[in-house]
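The file work29.cif comes next; it holds mmCIF, C-alpha atoms.
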data_run
#
loop_
_atom_site.label_atom_id
_atom_site.label_comp_id
_atom_site.auth_asym_id
_atom_site.auth_seq_id
_atom_site.Cartn_x
_atom_site.Cartn_y
_atom_site.Cartn_z
CA MET A 169 0.00 0.00 0.00
CA LYS A 170 2.93 2.28 0.69
CA ILE A 171 3.87 2.21 -3.01
CA LEU A 172 0.37 3.24 -4.10
CA GLY A 173 0.30 5.96 -1.46
CA LEU A 174 3.55 7.49 -2.68
CA TYR A 175 3.20 6.87 -6.42
CA ASN A 176 1.69 10.33 -7.05
CA TYR A 177 4.74 11.96 -5.49
CA TRP A 178 7.14 9.81 -7.50
CA VAL A 179 5.36 10.73 -10.72
CA PHE A 180 5.65 14.36 -9.61
CA ALA A 181 9.41 13.99 -9.14
CA LEU A 182 9.90 12.23 -12.48
CA LEU A 183 7.70 14.67 -14.44
CA LEU A 184 9.55 17.58 -12.85
CA MET A 185 12.86 16.13 -13.98
CA ILE A 186 11.60 15.27 -17.49
CA GLY A 187 10.51 18.89 -17.86
CA LEU A 188 13.82 20.15 -16.50
CA TYR A 189 15.73 17.92 -18.94
CA ALA A 190 13.83 19.43 -21.89
CA ILE A 191 14.62 22.93 -20.64
CA VAL A 192 18.33 22.28 -20.06
CA ALA A 193 19.35 19.77 -22.70
CA ARG A 194 17.29 20.73 -25.75
CA GLU A 195 18.35 23.59 -28.02
CA ASN A 196 14.93 24.27 -29.55
CA LEU A 197 13.13 27.13 -27.81
CA VAL A 198 9.63 25.69 -28.39
CA LYS A 199 10.80 22.41 -26.87
CA LYS A 200 12.09 24.35 -23.88
CA LEU A 201 8.65 25.96 -23.45
CA LEU A 202 6.99 22.53 -23.67
CA GLY A 203 9.42 21.33 -21.00
CA LEU A 204 8.45 24.29 -18.85
CA SER A 205 4.77 23.30 -19.24
CA ILE A 206 5.55 19.74 -18.11
CA PHE A 207 7.55 21.09 -15.16
CA GLN A 208 4.63 23.30 -14.22
CA SER A 209 2.08 20.47 -14.55
CA ALA A 210 4.23 18.37 -12.21
CA VAL A 211 3.91 21.05 -9.53
CA PHE A 212 0.14 21.14 -10.09
CA LEU A 213 0.01 17.37 -9.61
CA LEU A 214 1.91 17.68 -6.32
CA TYR A 215 -0.52 20.24 -4.91
CA ILE A 216 -3.66 18.39 -6.01
CA SER A 217 -2.29 15.08 -4.67
CA MET A 218 -1.69 16.66 -1.28
CA ALA A 219 -5.27 17.97 -1.20
CA LYS A 220 -6.81 14.50 -1.58
CA VAL A 221 -8.49 13.00 1.48
CA GLU A 222 -9.22 9.28 1.54
CA GLY A 223 -12.93 8.63 1.09
CA GLY A 224 -13.56 12.31 0.45
CA THR A 225 -15.23 14.00 -2.49
CA ALA A 226 -14.97 17.31 -4.35
CA PRO A 227 -15.42 20.25 -1.93
CA ILE A 228 -18.90 21.12 -3.18
CA LEU A 229 -21.26 20.96 -0.22
CA ARG A 230 -24.55 20.76 -2.07
CA HIS A 231 -25.31 17.31 -0.74
CA ALA A 232 -23.83 17.94 2.67
CA GLY A 233 -25.12 15.29 5.01
CA ASP A 234 -24.70 12.38 2.58
CA VAL A 235 -20.93 12.75 2.63
CA GLU A 236 -18.90 13.84 5.59
CA THR A 237 -15.37 14.19 4.23
CA PHE A 238 -14.23 16.60 1.55
CA SER A 239 -10.86 17.12 -0.06
CA ASN A 240 -8.91 20.26 0.80
CA PRO A 241 -10.26 23.18 -1.30
CA LEU A 242 -7.29 25.51 -0.80
CA PRO A 243 -4.77 23.79 -3.14
CA HIS A 244 -7.56 23.56 -5.73
CA VAL A 245 -7.96 27.34 -5.64
CA LEU A 246 -4.22 27.93 -5.94
CA ILE A 247 -3.77 25.57 -8.88
CA LEU A 248 -6.94 26.61 -10.69
CA THR A 249 -5.62 30.15 -11.00
CA ALA A 250 -2.06 28.99 -11.65
CA ILE A 251 -3.18 27.02 -14.74
CA VAL A 252 -4.66 30.14 -16.35
CA VAL A 253 -1.66 32.26 -15.37
CA GLY A 254 0.54 29.49 -16.85
CA ILE A 255 -1.12 29.62 -20.28
CA SER A 256 -0.84 33.43 -20.33
CA THR A 257 2.86 33.34 -19.61
CA THR A 258 3.32 30.51 -22.14
CA ALA A 259 1.64 32.72 -24.75
CA LEU A 260 4.07 35.49 -23.84
CA GLY A 261 6.99 33.07 -24.21
CA LEU A 262 5.71 31.91 -27.60
CA ALA A 263 5.37 35.52 -28.75
CA ILE A 264 9.02 36.14 -27.82
CA VAL A 265 10.05 32.95 -29.66
CA VAL A 266 8.15 34.10 -32.78
CA ARG A 267 10.02 37.43 -32.69
CA ILE A 268 13.35 35.63 -32.22
CA ARG A 269 12.57 33.47 -35.24
CA GLU A 270 11.88 36.58 -37.29
CA GLU A 271 15.08 38.34 -36.20
CA PHE A 272 17.51 35.41 -36.30
CA GLY A 273 15.83 33.00 -38.72
CA SER A 274 16.09 30.16 -36.19
CA VAL A 275 14.72 28.95 -32.88
CA GLU A 276 17.71 26.71 -32.10
CA GLU A 277 19.69 28.17 -29.24
CA ASP A 278 23.17 27.33 -30.58
CA GLU A 279 22.38 28.79 -34.01
CA ILE A 280 21.05 31.98 -32.42
CA GLN A 281 24.20 32.34 -30.33
CA ALA A 282 26.39 31.74 -33.37
CA ARG A 283 24.49 34.47 -35.21
CA ILE A 284 24.88 36.87 -32.29
CA ARG A 285 28.66 36.24 -32.29
CA GLU A 286 28.81 36.98 -36.04
CA GLN A 287 27.18 40.37 -35.62
CA MET B 73 -10.65 0.23 -8.90
CA ILE B 74 -10.31 4.03 -8.89
CA THR B 75 -6.82 3.68 -7.43
CA ALA B 76 -5.80 1.31 -10.23
CA PHE B 77 -7.23 3.72 -12.80
CA GLY B 78 -5.25 6.56 -11.26
CA PHE B 79 -2.11 4.42 -11.31
CA VAL B 80 -2.54 3.75 -15.05
CA LEU B 81 -3.23 7.44 -15.77
CA LEU B 82 -0.08 8.53 -13.94
CA THR B 83 2.03 5.97 -15.79
CA LEU B 84 0.59 7.17 -19.12
CA LEU B 85 1.43 10.74 -18.06
CA LEU B 86 5.06 9.74 -17.62
CA ALA B 87 5.16 7.98 -20.99
CA THR B 88 3.58 10.98 -22.76
CA ALA B 89 6.02 13.41 -21.13
CA VAL B 90 9.00 11.30 -22.25
CA ALA B 91 7.58 11.16 -25.78
CA VAL B 92 7.14 14.96 -25.84
CA VAL B 93 10.81 15.39 -25.03
CA LEU B 94 12.09 12.71 -27.41
CA THR B 95 10.20 13.52 -30.61
CA THR B 96 11.90 15.85 -33.09
CA ASN B 97 8.69 16.95 -34.79
CA LEU B 98 7.26 19.88 -32.83
CA PHE B 99 3.77 19.34 -34.26
CA VAL B 100 3.80 15.83 -32.78
CA ALA B 101 5.15 17.23 -29.51
CA VAL B 102 2.30 19.76 -29.26
CA MET B 103 -0.30 17.07 -29.98
CA LEU B 104 1.25 14.82 -27.33
CA MET B 105 1.16 17.76 -24.93
CA SER B 106 -2.58 18.03 -25.59
CA ILE B 107 -2.96 14.34 -24.68
CA PHE B 108 -0.81 14.98 -21.62
CA SER B 109 -3.26 17.69 -20.53
CA VAL B 110 -6.30 15.44 -21.00
CA LEU B 111 -4.62 12.75 -18.88
CA MET B 112 -3.72 15.37 -16.29
CA ALA B 113 -7.33 16.61 -16.22
CA ALA B 114 -8.57 13.05 -15.64
CA THR B 115 -6.02 12.63 -12.84
CA PHE B 116 -7.20 15.86 -11.20
CA PHE B 117 -10.78 14.64 -11.44
CA ILE B 118 -9.90 11.37 -9.70
CA LEU B 119 -8.18 13.40 -6.98
CA ASP B 120 -11.49 15.23 -6.27
CA ALA B 121 -10.44 18.49 -7.92
CA ALA B 122 -13.43 18.96 -10.24
CA ASP B 123 -12.82 22.67 -10.80
CA VAL B 124 -9.15 22.19 -11.55
CA ALA B 125 -9.94 19.34 -13.96
CA LEU B 126 -12.34 21.58 -15.89
CA THR B 127 -9.72 24.31 -16.14
CA GLU B 128 -6.96 21.94 -17.21
CA ALA B 129 -9.19 20.38 -19.89
CA ALA B 130 -10.27 23.74 -21.32
CA ILE B 131 -6.89 25.47 -21.06
CA GLY B 132 -4.34 22.68 -21.44
CA ALA B 133 -6.03 20.58 -24.08
CA GLY B 134 -7.89 23.44 -25.80
CA MET B 135 -6.41 26.91 -25.73
CA SER B 136 -2.79 26.01 -25.15
CA THR B 137 -2.73 23.59 -28.10
CA ILE B 138 -4.23 26.25 -30.37
CA LEU B 139 -1.67 28.85 -29.26
CA TYR B 140 1.25 26.43 -29.76
CA LEU B 141 -0.03 25.53 -33.25
CA GLY B 142 -0.48 29.21 -34.07
CA ALA B 143 3.12 29.82 -33.06
CA LEU B 144 4.39 26.72 -34.91
CA ALA B 145 2.80 28.00 -38.13
CA LEU B 146 5.19 30.96 -37.82
CA ILE B 147 8.20 29.02 -36.56
CA GLY B 148 8.23 25.74 -38.45
CA GLU B 149 7.75 22.32 -36.95
CA ARG B 150 11.12 20.62 -37.49
CA GLU B 151 13.47 20.39 -34.57
CA VAL B 152 17.09 19.97 -35.61
CA ARG B 153 18.58 17.14 -33.62
CA ARG B 154 22.33 17.26 -33.47
CA PRO B 155 24.71 14.89 -31.77
CA SER B 156 24.85 16.46 -28.35
CA ARG B 157 26.28 15.12 -25.13
CA PRO B 158 23.26 14.73 -22.85
CA TRP B 159 25.24 12.98 -20.12
CA LEU B 160 25.74 15.94 -17.81
CA PRO B 161 22.05 17.03 -17.78
CA LEU B 162 20.99 13.36 -17.53
CA ALA B 163 23.26 12.84 -14.52
CA VAL B 164 21.96 15.99 -12.84
CA ILE B 165 18.29 15.12 -13.32
CA THR B 166 18.82 11.50 -12.25
CA LEU B 167 20.50 12.65 -9.07
CA THR B 168 17.79 15.23 -8.38
CA ALA B 169 15.03 12.70 -9.13
CA CYS B 170 16.59 10.22 -6.68
CA THR B 171 16.81 12.94 -4.01
CA LEU B 172 13.18 13.95 -4.56
CA VAL B 173 11.96 10.34 -4.48
CA TYR B 174 14.02 9.74 -1.32
CA GLY B 175 12.33 12.81 0.18
CA THR B 176 8.85 11.42 -0.52
CA PHE B 177 9.38 8.59 1.99
CA ASP B 178 8.76 11.11 4.75
CA ASN B 179 5.58 12.37 3.05
CA PRO B 180 2.19 11.45 4.44
CA LEU B 181 0.59 8.84 2.16
CA LEU B 182 -1.93 9.93 -0.47
CA GLY B 183 -5.30 10.69 1.13
CA ASP B 184 -4.04 10.66 4.72
CA PRO B 185 -6.65 12.71 6.64
CA SER B 186 -4.17 13.49 9.44
CA ALA B 187 -1.58 15.05 7.11
CA PRO B 188 -0.47 18.53 8.25
CA VAL B 189 -1.92 20.12 5.11
CA GLN B 190 -5.43 18.99 6.10
CA LYS B 191 -5.15 20.40 9.61
CA HIS B 192 -4.52 24.07 8.96
CA VAL B 193 -7.15 26.36 7.38
CA ALA B 194 -9.03 23.79 5.28
CA PRO B 195 -11.42 22.62 8.03
CA TRP B 196 -12.30 26.24 8.75
CA TYR B 197 -13.07 26.90 5.06
CA LEU B 198 -15.18 23.76 4.77
CA GLU B 199 -17.13 24.60 7.89
CA GLU B 200 -17.54 28.35 7.61
CA ALA B 201 -17.60 29.06 3.85
CA PRO B 202 -21.15 27.79 3.23
CA ARG B 203 -22.44 29.61 6.31
CA LEU B 204 -20.72 32.93 5.51
CA THR B 205 -21.25 33.01 1.75
CA GLY B 206 -24.20 30.69 1.16
CA MET B 207 -22.19 28.98 -1.62
CA ALA B 208 -22.08 25.24 -2.04
CA ASN B 209 -18.80 25.30 -3.97
CA VAL B 210 -16.11 26.07 -1.42
CA VAL B 211 -13.50 26.51 -4.17
CA THR B 212 -15.43 29.46 -5.63
CA ALA B 213 -16.05 30.95 -2.19
CA VAL B 214 -12.33 30.80 -1.36
CA LEU B 215 -11.20 31.95 -4.81
CA ALA B 216 -13.37 35.05 -5.10
CA GLY B 217 -14.15 35.64 -1.45
CA PHE B 218 -11.64 34.70 1.21
CA ARG B 219 -8.59 34.80 -1.06
CA ALA B 220 -9.74 37.44 -3.55
CA TYR B 221 -6.43 39.33 -3.06
CA ASP B 222 -4.60 36.39 -4.65
CA THR B 223 -7.04 36.22 -7.50
CA LEU B 224 -6.81 39.98 -8.13
CA GLY B 225 -3.03 39.66 -8.38
CA GLU B 226 -3.35 36.73 -10.76
CA ILE B 227 -5.85 38.55 -12.99
CA LEU B 228 -3.38 41.43 -13.23
CA VAL B 229 -0.62 38.97 -14.21
CA ILE B 230 -2.88 37.51 -16.93
CA LEU B 231 -3.71 41.02 -18.16
CA THR B 232 -0.02 41.99 -18.21
CA ALA B 233 0.97 38.82 -20.07
CA GLY B 234 -1.83 39.38 -22.60
CA LEU B 235 -0.76 42.99 -23.18
CA GLY B 236 2.82 41.76 -23.53
CA VAL B 237 1.81 39.30 -26.27
CA LEU B 238 -0.06 42.05 -28.13
CA MET B 239 2.84 44.48 -27.83
CA ILE B 240 5.56 42.02 -28.85
CA LEU B 241 3.60 40.81 -31.86
CA ALA B 242 2.45 44.31 -32.81
CA GLN B 243 5.99 44.97 -33.96
CA ARG B 244 6.16 43.96 -37.62
CA PRO B 245 9.41 42.57 -38.96
CA ALA B 246 11.22 44.64 -41.54
CA GLY B 247 11.67 43.38 -45.07
CA GLU B 248 9.67 41.07 -47.24
CA ARG B 249 6.23 39.94 -46.18
CA GLY B 250 5.27 36.31 -46.53
CA PRO B 251 1.84 35.03 -47.52
CA ARG B 252 -1.17 36.04 -45.44
CA PRO B 253 -2.73 33.33 -43.28
CA ALA B 254 -5.09 30.94 -45.06
CA ALA B 255 -8.84 31.48 -45.08
CA GLY B 256 -9.86 28.97 -42.44
CA LEU B 257 -11.68 25.69 -42.88
CA ARG B 258 -14.58 27.17 -44.82
CA HIS B 259 -14.10 24.76 -47.69
CA HIS B 260 -13.97 21.68 -45.50
CA LEU B 261 -17.53 20.48 -45.13
CA VAL B 262 -17.30 18.23 -42.07
CA PRO B 263 -15.43 20.53 -39.65
CA ARG B 264 -17.58 23.43 -40.80
CA VAL B 265 -20.94 21.73 -40.21
CA VAL B 266 -19.95 20.01 -36.97
CA GLY B 267 -18.08 23.04 -35.68
CA ARG B 268 -20.97 25.39 -36.37
CA LEU B 269 -23.29 23.07 -34.50
CA LEU B 270 -20.93 22.95 -31.53
CA ILE B 271 -20.15 26.67 -31.12
CA PRO B 272 -23.45 27.75 -29.51
CA PHE B 273 -23.33 24.84 -27.07
CA ILE B 274 -19.71 25.55 -26.13
CA VAL B 275 -20.53 29.19 -25.39
CA LEU B 276 -23.72 28.20 -23.54
CA PHE B 277 -21.75 25.74 -21.40
CA GLY B 278 -19.24 28.49 -20.66
CA LEU B 279 -22.01 30.83 -19.55
CA TYR B 280 -23.53 28.07 -17.42
CA LEU B 281 -20.20 27.61 -15.65
CA GLN B 282 -19.92 31.36 -15.18
CA PHE B 283 -23.29 31.73 -13.48
CA HIS B 284 -23.39 28.44 -11.61
CA GLY B 285 -19.87 28.53 -10.20
CA ASP B 286 -21.33 29.01 -6.73
CA TYR B 287 -23.51 25.94 -6.96
CA GLY B 288 -21.44 23.36 -8.83
CA PRO B 289 -17.98 23.20 -10.37
CA GLY B 290 -17.29 26.32 -12.36
CA GLY B 291 -16.38 29.96 -12.10
CA GLY B 292 -14.81 32.76 -14.06
CA PHE B 293 -11.55 31.04 -15.01
CA GLN B 294 -13.19 27.94 -16.47
CA ALA B 295 -15.99 29.92 -18.11
CA GLY B 296 -13.61 32.43 -19.66
CA ALA B 297 -11.44 29.67 -21.12
CA ILE B 298 -14.40 27.73 -22.55
CA ILE B 299 -16.08 30.78 -24.07
CA ALA B 300 -12.73 31.76 -25.59
CA VAL B 301 -12.45 28.27 -27.13
CA GLY B 302 -15.90 28.74 -28.70
CA ILE B 303 -14.94 32.12 -30.18
CA VAL B 304 -11.60 30.78 -31.44
CA LEU B 305 -13.34 27.78 -33.03
CA HIS B 306 -15.51 30.21 -34.97
CA ALA B 307 -12.43 32.09 -36.15
CA LEU B 308 -10.75 28.80 -37.16
CA LEU B 309 -13.78 27.71 -39.20
CA GLU B 310 -14.61 31.00 -40.88
CA GLY B 311 -11.09 32.30 -41.29
CA GLU B 312 -9.14 34.72 -39.16
CA PRO B 313 -10.50 37.95 -40.80
CA ALA B 314 -14.12 36.90 -40.17
CA GLY B 315 -13.34 36.20 -36.52
CA ARG B 316 -11.55 39.50 -36.17
CA ALA B 317 -14.49 41.35 -37.73
CA ILE B 318 -16.66 40.24 -34.79
CA PHE B 319 -14.01 40.85 -32.14
CA PRO B 320 -11.63 43.60 -33.31
CA THR B 321 -8.54 44.24 -31.25
CA ARG B 322 -10.02 47.26 -29.49
CA VAL B 323 -13.03 45.21 -28.33
CA LEU B 324 -10.70 42.49 -27.01
CA LEU B 325 -8.53 45.09 -25.29
CA GLY B 326 -11.69 46.54 -23.79
CA LEU B 327 -12.66 43.09 -22.45
CA MET B 328 -9.17 42.47 -21.01
CA VAL B 329 -8.93 45.81 -19.26
CA GLY B 330 -12.66 46.01 -18.46
CA GLY B 331 -12.70 42.72 -16.59
CA ALA B 332 -9.67 43.64 -14.49
CA THR B 333 -11.20 47.07 -13.85
CA LEU B 334 -14.47 45.48 -12.75
CA PHE B 335 -12.56 43.25 -10.31
CA SER B 336 -10.50 46.05 -8.81
CA GLY B 337 -13.51 48.37 -8.94
CA VAL B 338 -15.48 45.97 -6.75
CA GLY B 339 -12.57 45.96 -4.33
CA ILE B 340 -12.29 49.75 -4.25
CA ALA B 341 -16.07 50.17 -3.98
CA GLY B 342 -15.94 48.12 -0.80
CA MET B 343 -13.27 50.48 0.50
CA LEU B 344 -15.24 53.61 -0.40
CA MET B 345 -18.30 52.22 1.33
CA GLY B 346 -16.39 51.88 4.57
CA GLY B 347 -14.88 48.39 4.45
CA ASN B 348 -11.44 47.05 3.53
CA LEU B 349 -10.17 46.36 -0.01
CA LEU B 350 -12.25 43.50 -1.49
CA ASP B 351 -14.48 43.50 1.56
CA TYR B 352 -17.99 42.71 0.32
CA ALA B 353 -19.78 43.31 3.64
CA PRO B 354 -20.81 46.94 2.87
CA PHE B 355 -22.73 45.84 -0.27
CA GLY B 356 -25.90 45.02 1.64
CA ALA B 357 -27.57 44.64 4.96
CA ASP B 358 -27.78 40.86 4.62
CA PRO B 359 -24.17 39.63 5.00
CA VAL B 360 -24.70 36.45 2.93
CA ALA B 361 -26.37 38.34 0.06
CA ALA B 362 -23.58 40.96 0.12
CA GLN B 363 -20.92 38.23 -0.11
CA GLN B 364 -22.74 36.59 -3.03
CA LEU B 365 -23.07 39.89 -4.91
CA GLY B 366 -19.38 40.63 -4.44
CA ILE B 367 -18.26 37.14 -5.46
CA HIS B 368 -20.47 37.10 -8.58
CA LEU B 369 -19.19 40.51 -9.70
CA VAL B 370 -15.59 39.48 -9.14
CA GLU B 371 -16.11 36.20 -11.00
CA ALA B 372 -17.66 38.13 -13.90
CA GLY B 373 -14.55 40.30 -14.03
CA VAL B 374 -12.35 37.19 -14.06
CA GLY B 375 -14.39 35.59 -16.87
CA ILE B 376 -14.29 38.73 -19.03
CA THR B 377 -10.54 39.24 -18.67
CA VAL B 378 -9.71 35.58 -19.33
CA THR B 379 -11.93 35.48 -22.45
CA GLY B 380 -10.43 38.69 -23.80
CA THR B 381 -6.83 37.65 -23.14
CA MET B 382 -7.18 34.18 -24.69
CA VAL B 383 -8.92 35.40 -27.86
CA ALA B 384 -6.53 38.34 -28.21
CA ALA B 385 -3.50 36.04 -27.90
CA PHE B 386 -4.97 33.71 -30.55
CA HIS B 387 -5.54 36.59 -32.98
CA ALA B 388 -2.08 38.00 -32.32
CA PHE B 389 -0.53 34.72 -33.56
CA ALA B 390 -3.08 33.93 -36.28
CA ASP B 391 -2.99 37.40 -37.85
CA ARG B 392 0.76 37.50 -38.30
CA GLU B 393 2.34 37.18 -41.74
CA HIS B 394 4.24 33.95 -42.21
CA PRO B 395 7.97 34.44 -42.52
CA ALA B 396 9.07 34.80 -46.12
#
Is it possible to express this structure as structure tokens?
Amino acid sequence: MKILGLYNYWVFALLLMIGLYAIVARENLVKKLLGLSIFQSAVFLLYISMAKVEGGTAPILRHAGDVETFSNPLPHVLILTAIVVGISTTALGLAIVVRIREEFGSVEEDEIQARIREQ
Amino acid sequence: MITAFGFVLLTLLLATAVAVVLTTNLFVAVMLMSIFSVLMAATFFILDAADVALTEAAIGAGMSTILYLGALALIGEREVRRPSRPWLPLAVITLTACTLVYGTFDNPLLGDPSAPVQKHVAPWYLEEAPRLTGMANVVTAVLAGFRAYDTLGEILVILTAGLGVLMILAQRPAGERGPRPAAGLRHHLVPRVVGRLLIPFIVLFGLYLQFHGDYGPGGGFQAGAIIAVGIVLHALLEGEPAGRAIFPTRVLLGLMVGGATLFSGVGIAGMLMGGNLLDYAPFGADPVAAQQLGIHLVEAGVGITVTGTMVAAFHAFADREHPA
């Protein structure tokens, strides 16, 4: 049972590192942004996993009385807003990448740096 | 049974994430990322986070995929893979992953009701939120009521990011212009017919979530994202110029700024009427009714800003000339 109880946190750790690998080891700027999205989703998973209460249900108390336990609503609030903030900042990142492509003709980091050195 | 399902979903998440990193075709990577988001939304749903699952499904699988594809149309979808030495980053992430996994052994197990995180403010919210706000959905009550400061800050971040996208892409590159974007899917019968049928229902569902966020899962963030998806679908089917004719940039800017202004205006109105910032108590004699009025107005502001920002970001990418 211990494995099942910790599996969410292990997946969090692995997803975090997969995202980090894409950010550090890949040259393509879009791939780096995708890695950042995976990294971010891993953090979301950590928060939502911590909010879960065994035998609980979503914190909507319409049928209060039938169910007694509810999962923790606070991490839900934090992550709900973070998802929308995440897409806005991703859009900003993509806009910067589009401008870089137009200025340098490439979105590969090493090519961009080579072009900067030429100038 | 549910636990086993969650186990499979998490394993699929890992596999999808690895595939996103390994593929060299960015179009494939973006599509895999969309699948990743759907799996993540299902995982959130299993973990009792209905509101978060809705948001992830609308934003991650819907809007974010569209924005990535819009950007890829301008960037190109091939990733150049060159013989690199990934050993140093691999060693670093393996070491960090081992440390993180080692750290989890001190974590409370999933669903442990005596974990420290369940003992702090959550019981107070669950007990007092329905009594103080009359709202069944505690997430909405906390989001727009008890922690409205947070949400105000986040709305301003979204607004700033949206304005940043518009400003960065407003700058036109010098030199030769490439071809204008294509005229949508108007000549494709199946997407056009099915899409047209779906648009009113998507927008209706968004409005339902907006106005019933106090009663069931929903609220301004989810509603804004879903309505934006409906509007963007229309623009995809009818072509970018037709979509822009209905929502010109100044209307979208008005929505973005108007929603944030409504949110902060509600906060300042509370101050002017003798309360604190984002204090809804002065809005009426009945404290529960005053809370509900304040929360609904704030959620409306959130929905308007999110819709405006998402649609404006889509148009900013879709309207741009392709590189020559």
Can you spell out as a short mmCIF file (atom, residue, chain, number, x, y, z; two decimals) with C-alpha atoms, keeping the file's coordinate frame the set of residues that the PyMOL selection byres ((chain B and resi 365) around 12) selects in the structure I just provided?
data_model
loop_
_atom_site.label_atom_id
_atom_site.label_comp_id
_atom_site.auth_asym_id
_atom_site.auth_seq_id
_atom_site.Cartn_x
_atom_site.Cartn_y
_atom_site.Cartn_z
CA THR B 205 -21.25 33.01 1.75
CA GLY B 206 -24.20 30.69 1.16
CA MET B 207 -22.19 28.98 -1.62
CA ALA B 213 -16.05 30.95 -2.19
CA ALA B 216 -13.37 35.05 -5.10
CA GLY B 217 -14.15 35.64 -1.45
CA PHE B 283 -23.29 31.73 -13.48
CA ASP B 286 -21.33 29.01 -6.73
CA VAL B 338 -15.48 45.97 -6.75
CA GLY B 342 -15.94 48.12 -0.80
CA LEU B 350 -12.25 43.50 -1.49
CA ASP B 351 -14.48 43.50 1.56
CA TYR B 352 -17.99 42.71 0.32
CA ALA B 353 -19.78 43.31 3.64
CA PRO B 354 -20.81 46.94 2.87
CA PHE B 355 -22.73 45.84 -0.27
CA GLY B 356 -25.90 45.02 1.64
CA ALA B 357 -27.57 44.64 4.96
CA ASP B 358 -27.78 40.86 4.62
CA PRO B 359 -24.17 39.63 5.00
CA VAL B 360 -24.70 36.45 2.93
CA ALA B 361 -26.37 38.34 0.06
CA ALA B 362 -23.58 40.96 0.12
CA GLN B 363 -20.92 38.23 -0.11
CA GLN B 364 -22.74 36.59 -3.03
CA GLY B 366 -19.38 40.63 -4.44
CA ILE B 367 -18.26 37.14 -5.46
CA HIS B 368 -20.47 37.10 -8.58
CA LEU B 369 -19.19 40.51 -9.70
CA VAL B 370 -15.59 39.48 -9.14
CA GLU B 371 -16.11 36.20 -11.00
CA ALA B 372 -17.66 38.13 -13.90
#
Determine the residue set returned by the PyMOL selection byres ((chain A) within 6 of (chain B)) for the present structure, and present it as an NGL selection string.
:A and (173-174 or 178 or 181 or 185 or 190 or 220-222 or 225-230 or 240-241 or 245 or 248 or 253 or 256-257 or 260 or 263)
Please indicate the distance in Å from CA of Asn196 (chain A) to CA of Leu262 (chain A), rounded to one decimal place.
12.1 Å
Starting from the point (7.3, 20.7, -21.2), work out which residues of protein, DNA or RNA have an atom no more than 9 Å away when counting all atoms listed in the file; state them as a PyMOL selection string.
(chain A and resi 186-188+190-191+199-209) or (chain B and resi 89+92-93+105)
Output the selection as an mmCIF file, in the coordinates of the input - C-alpha atoms for each residue.
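The resulting file, out_38.cif, is reproduced below:
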data_model
loop_
_atom_site.group_PDB
_atom_site.id
_atom_site.type_symbol
_atom_site.label_atom_id
_atom_site.label_comp_id
_atom_site.auth_asym_id
_atom_site.auth_seq_id
_atom_site.Cartn_x
_atom_site.Cartn_y
_atom_site.Cartn_z
ATOM 1 C CA ILE A 186 11.600 15.270 -17.490
ATOM 2 C CA GLY A 187 10.510 18.890 -17.860
ATOM 3 C CA LEU A 188 13.820 20.150 -16.500
ATOM 4 C CA ALA A 190 13.830 19.430 -21.890
ATOM 5 C CA ILE A 191 14.620 22.930 -20.640
ATOM 6 C CA LYS A 199 10.800 22.410 -26.870
ATOM 7 C CA LYS A 200 12.090 24.350 -23.880
ATOM 8 C CA LEU A 201 8.650 25.960 -23.450
ATOM 9 C CA LEU A 202 6.990 22.530 -23.670
ATOM 10 C CA GLY A 203 9.420 21.330 -21.000
ATOM 11 C CA LEU A 204 8.450 24.290 -18.850
ATOM 12 C CA SER A 205 4.770 23.300 -19.240
ATOM 13 C CA ILE A 206 5.550 19.740 -18.110
ATOM 14 C CA PHE A 207 7.550 21.090 -15.160
ATOM 15 C CA GLN A 208 4.630 23.300 -14.220
ATOM 16 C CA SER A 209 2.080 20.470 -14.550
ATOM 17 C CA ALA B 89 6.020 13.410 -21.130
ATOM 18 C CA VAL B 92 7.140 14.960 -25.840
ATOM 19 C CA VAL B 93 10.810 15.390 -25.030
ATOM 20 C CA MET B 105 1.160 17.760 -24.930
#
Point-to-point distance in Å for CA of His387 (chain B) and CA of Ser274 (chain A)
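We find that CA of Ser274 (chain A) and CA of His387 (chain B) lie 22.8 Å from each other.
Taking CA of Arg268 (chain B) and CA of Gly134 (chain B) as the two end points, the separation is 16.9 Å.
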Quick one: residues within 12 Å of region 303-313 of chain B, only C-alpha atoms counted, chain neighbours fewer than 5 positions away excluded, as a ChimeraX atom specification?
/B:134-139,141-142,252-276,278,296-298,318-321,324,379-392
Choose the residue, out of A:Gly224, A:Glu277, A:Leu214, A:Glu270, that has the smallest atom-to-atom separation from Leu246 (chain A); count all atoms listed in the file.
A:Leu214
Using all atoms listed in the file, can you tell me which of A:Phe180, A:Asp278, A:Val265, A:Ile171 comes closest to Val198 (chain A)?
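Closest to Val198 (chain A), using all atoms listed in the file: A:Val265.
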Find the residues near Ala219 (chain A): any atom within 7 Å, counting only C-alpha atoms, skip ones fewer than 3 places away on the same chain, and give them as a PyMOL selection string.
chain A and resi 215-216+239-240+243
